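The structure under discussion appears below in the form of structure tokens.
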Amino acid sequence: MISYFSRFPFVRILLFWMLGILLSGFAYWPMLGCLGFLIPGRVCKSAGISSLIVVFAMAWTAYLMPVLPMLPRDGFVFRVEGSIEEKPKSWSVLARCMGSRDSAQVWSSSSGLYRLYLAKTLPKPQAADVFAVRQAVKPFPLPLFPFEKDWGAYFFQKGIGGSAFVSLDRIRLIEKGGVERTFFEKAQAYFVGLLERAFEPGRDRDVAEAMLLGVKTKIDFETLSAYSALGAIHILSVSGLHVGLLYMGLSLILGFLLKRRPAGPYVFFGLMMALLWCYAGISGFSLPVLRSAWMFSVILFAKTFLRRQESLNTLAFSAFVLLFLHPASLFDAGFQLSYLAVWGLIAFQQRWASIFKFRGWLRWPLTQIWELTCVALAAQVLTWPLIVYYFHQLPHPLSFFLLNPFLILFSSIALFLGFLLLAIGSFLPEWAFQPLAYLLKTSFQLLHGLMFSWVERVTSVIPFLQITILEMSIYFFAIALLVWAPRRWKMGACLLLLFWQSPETKPQAYLSAFKGEAVWVENEGEKSIASLPASADPAWIQAHLSPMWANCGVKDTLTRRWPVKGNLQWKYRSETYAYVRIPTEARGQQHLILGKDVKYRDKEWLKSWQEATWYFLKRPSAYWMGELKPYLPSRYYFLDEQPAIRP
């Protein structure tokens, strides 16, 4: 009889565990009636075990769900936790609340975790510093436009309740932390010093610190955009590529220990685990590196001690443990992309690499290029639907097929030389250190020279792509049939891979605010016109507008900037909108948009607008709201406190 736990047990366990996480929040106790393992028969027993896994996953996920306390409204005391990130105008810190003050000026002990942005005029805070703040903490803002990332839900899963920007006059240091840096922080600072010794200040050094040590706060927006456009953003953050390369290098160096039995395999395993997890600590114990370190730890154990192992089962076991410890990781894009990429490599890379066998004197370079291409293709075959779903773009096929093998090659060379420098650079005299540093700098110059020259000359990305969850499900189901189903089912899988026809979208417009200025976006078919303030930068447009454009089928966009001064007026669907910065009488307009600098001292002009719908770009103070109360129409909105309004 075939056991439920035969060959790929953790693949089955993982699938039902993920189903339980997805169903968490629903009533799960009735499912205990599915205890089919009490009934004779293999099918009933399998159904019963599966139902128990689902029920336990639902209960465990609900138990671990964070419960957020009330946000402070007047003032609070907090302790800085974790690392401090440097932003262009602030210090980003994770704050653990120790006590808060209510409206009656009474202090009480309270808890909570908040993301605070401290003005950069404040000296850089340190971990464990204690501050008192006269400031309210606000919930994370709702998404402005449809399909935008919901940061409130994202931070809720991490137990972070809200955020605030704190100016210098509203914060006071109570107690200096005095906590010594950990071993890993000291090691990271030491290795950063080695890279500063090897590189001149600039983009290459910033990228090297991010790739090798996880220090990515110095990279500018243009560099991030270039990596993102070429589908190589994963190179910048320490993740599977970096840990995998370190794992392979250490395996080659220490592999001789596996033959020195009986103690050799144990020494090999201990050294490998120590070095892998030391690197994870030095690079900051971020989620991607923790995920990768754990994945390779499981692979290492299987390789060292198990005579027979199934790669897919090993991968499923590592994913199951991570989802057991932190079920919310299932909804993290990095978790999904990492495991699907490795799954794709396991399922397809060797099959495709064996298709072509090269001969002649070019056999070795052609074989290497083809194998690197297969690595890129295998990693993409299961991840591209999620890349489109989350980021609404894909690398251009020309960039992907021609450039990606060289990007993988050059980035691998740069990583190898970087690891070598970090490992032995401290022991080298200056005459030996400088040639190695020169090789490392040259590898980054080659990588960035190729990348930026390509981005400047070739369209490197296909923007505004969209895919629905139904389309993704059809695609993954078809891929599963192609790989594992009998031959007679494969034709049906090919038919499923035909493009799903998405319904046409109707014309729509949105009104919102950005830093007290109006944002007006009008979509019609494949065209969109966005009227924006001058301060709206490309990063804001990419974060807020690009997801909506992609999901609405927009292909052609035009962005216009508002004039700095004066009133504006336009029509939409036979109704007139007036963007008023200087008081003026109404002339039949149905919508009044009140600029942030409008003066309300002389309020008589507002009487003529009482039949219109009002939109405040910035909520006036309580005093002025009281003064405006006799003039307010039946419908008015505060655009700085809510998502975009769809007229």
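Residues in the structure tokens are named by chain (A, B, ... in the order shown) and by number from 1 within that chain; ligands are numbered from 1 in the order shown.
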
Give me the residues within 9 Å of range 150-155 of chain A as a short mmCIF file (atom, residue, chain, number, x, y, z; two decimals) with N, CA, C and O atoms, in the first residue's frame, counting only C-alpha atoms and dropping any in the same chain fewer than 3 places off.
data_model
loop_
_atom_site.label_atom_id
_atom_site.label_comp_id
_atom_site.auth_asym_id
_atom_site.auth_seq_id
_atom_site.Cartn_x
_atom_site.Cartn_y
_atom_site.Cartn_z
N PRO A 139 -2.43 55.80 11.47
CA PRO A 139 -2.42 54.53 10.72
C PRO A 139 -1.76 54.73 9.37
O PRO A 139 -1.70 55.85 8.84
N PHE A 140 -1.27 53.66 8.81
CA PHE A 140 -0.69 53.76 7.46
C PHE A 140 -1.79 54.17 6.48
O PHE A 140 -2.92 53.68 6.57
N PRO A 141 -1.48 55.07 5.56
CA PRO A 141 -2.52 55.55 4.65
C PRO A 141 -3.05 54.43 3.76
O PRO A 141 -2.32 53.50 3.40
N LEU A 142 -4.33 54.55 3.43
CA LEU A 142 -4.93 53.60 2.50
C LEU A 142 -4.36 53.81 1.11
O LEU A 142 -3.87 54.90 0.79
N PRO A 143 -4.39 52.80 0.24
CA PRO A 143 -3.92 52.99 -1.13
C PRO A 143 -4.68 54.14 -1.80
O PRO A 143 -5.91 54.23 -1.70
N PHE A 147 -5.53 48.99 -7.10
CA PHE A 147 -4.45 48.03 -7.39
C PHE A 147 -3.11 48.44 -6.79
O PHE A 147 -2.10 47.78 -7.00
N LYS A 158 3.38 42.32 10.08
CA LYS A 158 4.63 42.38 10.83
C LYS A 158 4.42 42.93 12.23
O LYS A 158 5.39 43.14 12.97
N GLY A 159 3.15 43.22 12.59
CA GLY A 159 2.86 43.73 13.93
C GLY A 159 3.16 45.19 14.11
O GLY A 159 3.24 45.68 15.25
N ILE A 160 3.31 45.95 13.02
CA ILE A 160 3.62 47.39 13.09
C ILE A 160 2.32 48.15 12.86
O ILE A 160 1.68 48.03 11.80
N GLY A 161 1.93 48.97 13.85
CA GLY A 161 0.59 49.54 13.85
C GLY A 161 0.43 50.85 13.11
O GLY A 161 -0.68 51.16 12.66
N GLY A 162 1.45 51.68 13.00
CA GLY A 162 1.29 52.98 12.36
C GLY A 162 2.63 53.65 12.16
O GLY A 162 3.70 53.08 12.45
N PHE A 331 2.18 35.45 2.00
CA PHE A 331 1.69 36.58 1.23
C PHE A 331 2.81 37.54 0.84
O PHE A 331 2.54 38.59 0.26
N ASP A 332 4.04 37.19 1.17
CA ASP A 332 5.17 38.04 0.84
C ASP A 332 5.67 37.70 -0.57
O ASP A 332 5.95 36.54 -0.88
#

message: Residues within 9 Å of Leu377 in chain A, please, as a ChimeraX atom specification. Count only C-alpha atoms; anything in the same chain fewer than 2 positions from it doesn't count.
response: /A:344-345,348-349,372-375,379-381,400-401

- request: May I have all residues of range 162-300 of chain A that DSSP, computed from the backbone, assigns to strand (DSSP E or B), given as a PyMOL selection string?
  value: chain A and resi 162-166+171-175

message: Please list as a list of chain:residue names every residue within 10 Å of Leu287 in chain A, counting only C-alpha atoms and excluding residues in the same chain fewer than 3 positions away.
response: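 These residues fall inside the cut-off: A:Val238, A:Ser239, A:Ala280, A:Gly284, A:Leu290, A:Arg291, A:Ser292, A:Ala293, A:Ser329, A:Asp332, A:Gly334, A:Phe335.
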
query: What are the DSSP alpha helix (DSSP H) residues of range 162-361 of chain A, as a PyMOL selection string?
result: chain A and resi 183-198+203-213+221-229+240-254+264-282+287-305+311-325+333-344+350-353

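The nearest approach to Arg134 in chain A among the residues A:Tyr114, A:Phe78, A:Tyr637, A:Trp294, with only C-alpha atoms taken into account, belongs to A:Phe78.
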
query: In terms of the shortest atom-to-atom distance over only C-alpha atoms, which of A:Ser283, A:Pro123, A:Glu471, A:Ala347 is closest to Ser311 in chain A?
result: A:Ala347

- prompt: CA of Leu340 in chain A and CA of Thr468 in chain A are how many Å apart?
  reply: 17.9 Å

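Distance-wise, CA of Ala59 in chain A and CA of Trp17 in chain A end up 11.0 Å apart.
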
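What separates CA of Lys607 in chain A from CA of Leu592 in chain A is a distance of 12.2 Å.
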
task: Check the smallest atom-to-atom distance from each of A:Ser108, A:Ser318, A:Gln589, A:Gln610 to Ile13 in chain A using only C-alpha atoms, then report the winner.
output: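 Closest to Ile13 in chain A of all the choices is A:Ser318.
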
message: Here is a test: counting only C-alpha atoms, which residue of A:Leu386, A:Ile593, A:Leu213, A:Ala333 is nearest to Ala513 in chain A?
response: A:Ile593

query: Of the candidates A:Leu122, A:Val106, A:Ile282, A:Leu420, which one gets nearest to Thr182 in chain A if we count only C-alpha atoms?
result: A:Ile282

- prompt: Do you know which residues are at most 8 Å from Leu245 in chain A counting only C-alpha atoms, after dropping those on the same chain fewer than 2 positions away, and could you put them as a PyMOL selection string?
  reply: chain A and resi 241-243+247-249+412+415-416

message: Taking 4 positions as the minimum chain separation for residues in the same chain, which residues sit within 6 Å of range 390-392 of chain A when counting only C-alpha atoms? Answer as number ranges by chain.
response: A: 386, 464-466, 550

message: Neighbouring residues of Met548 in chain A were defined as those with any atom within 8 Å, considering only C-alpha atoms; residues of the same chain fewer than 2 positions away were excluded. Please report them as a list in words.
response: Phe145, Pro146, Phe147, Glu148, His544, Leu545, Ser546, Ala550, Asn551 and Cys552 of chain A
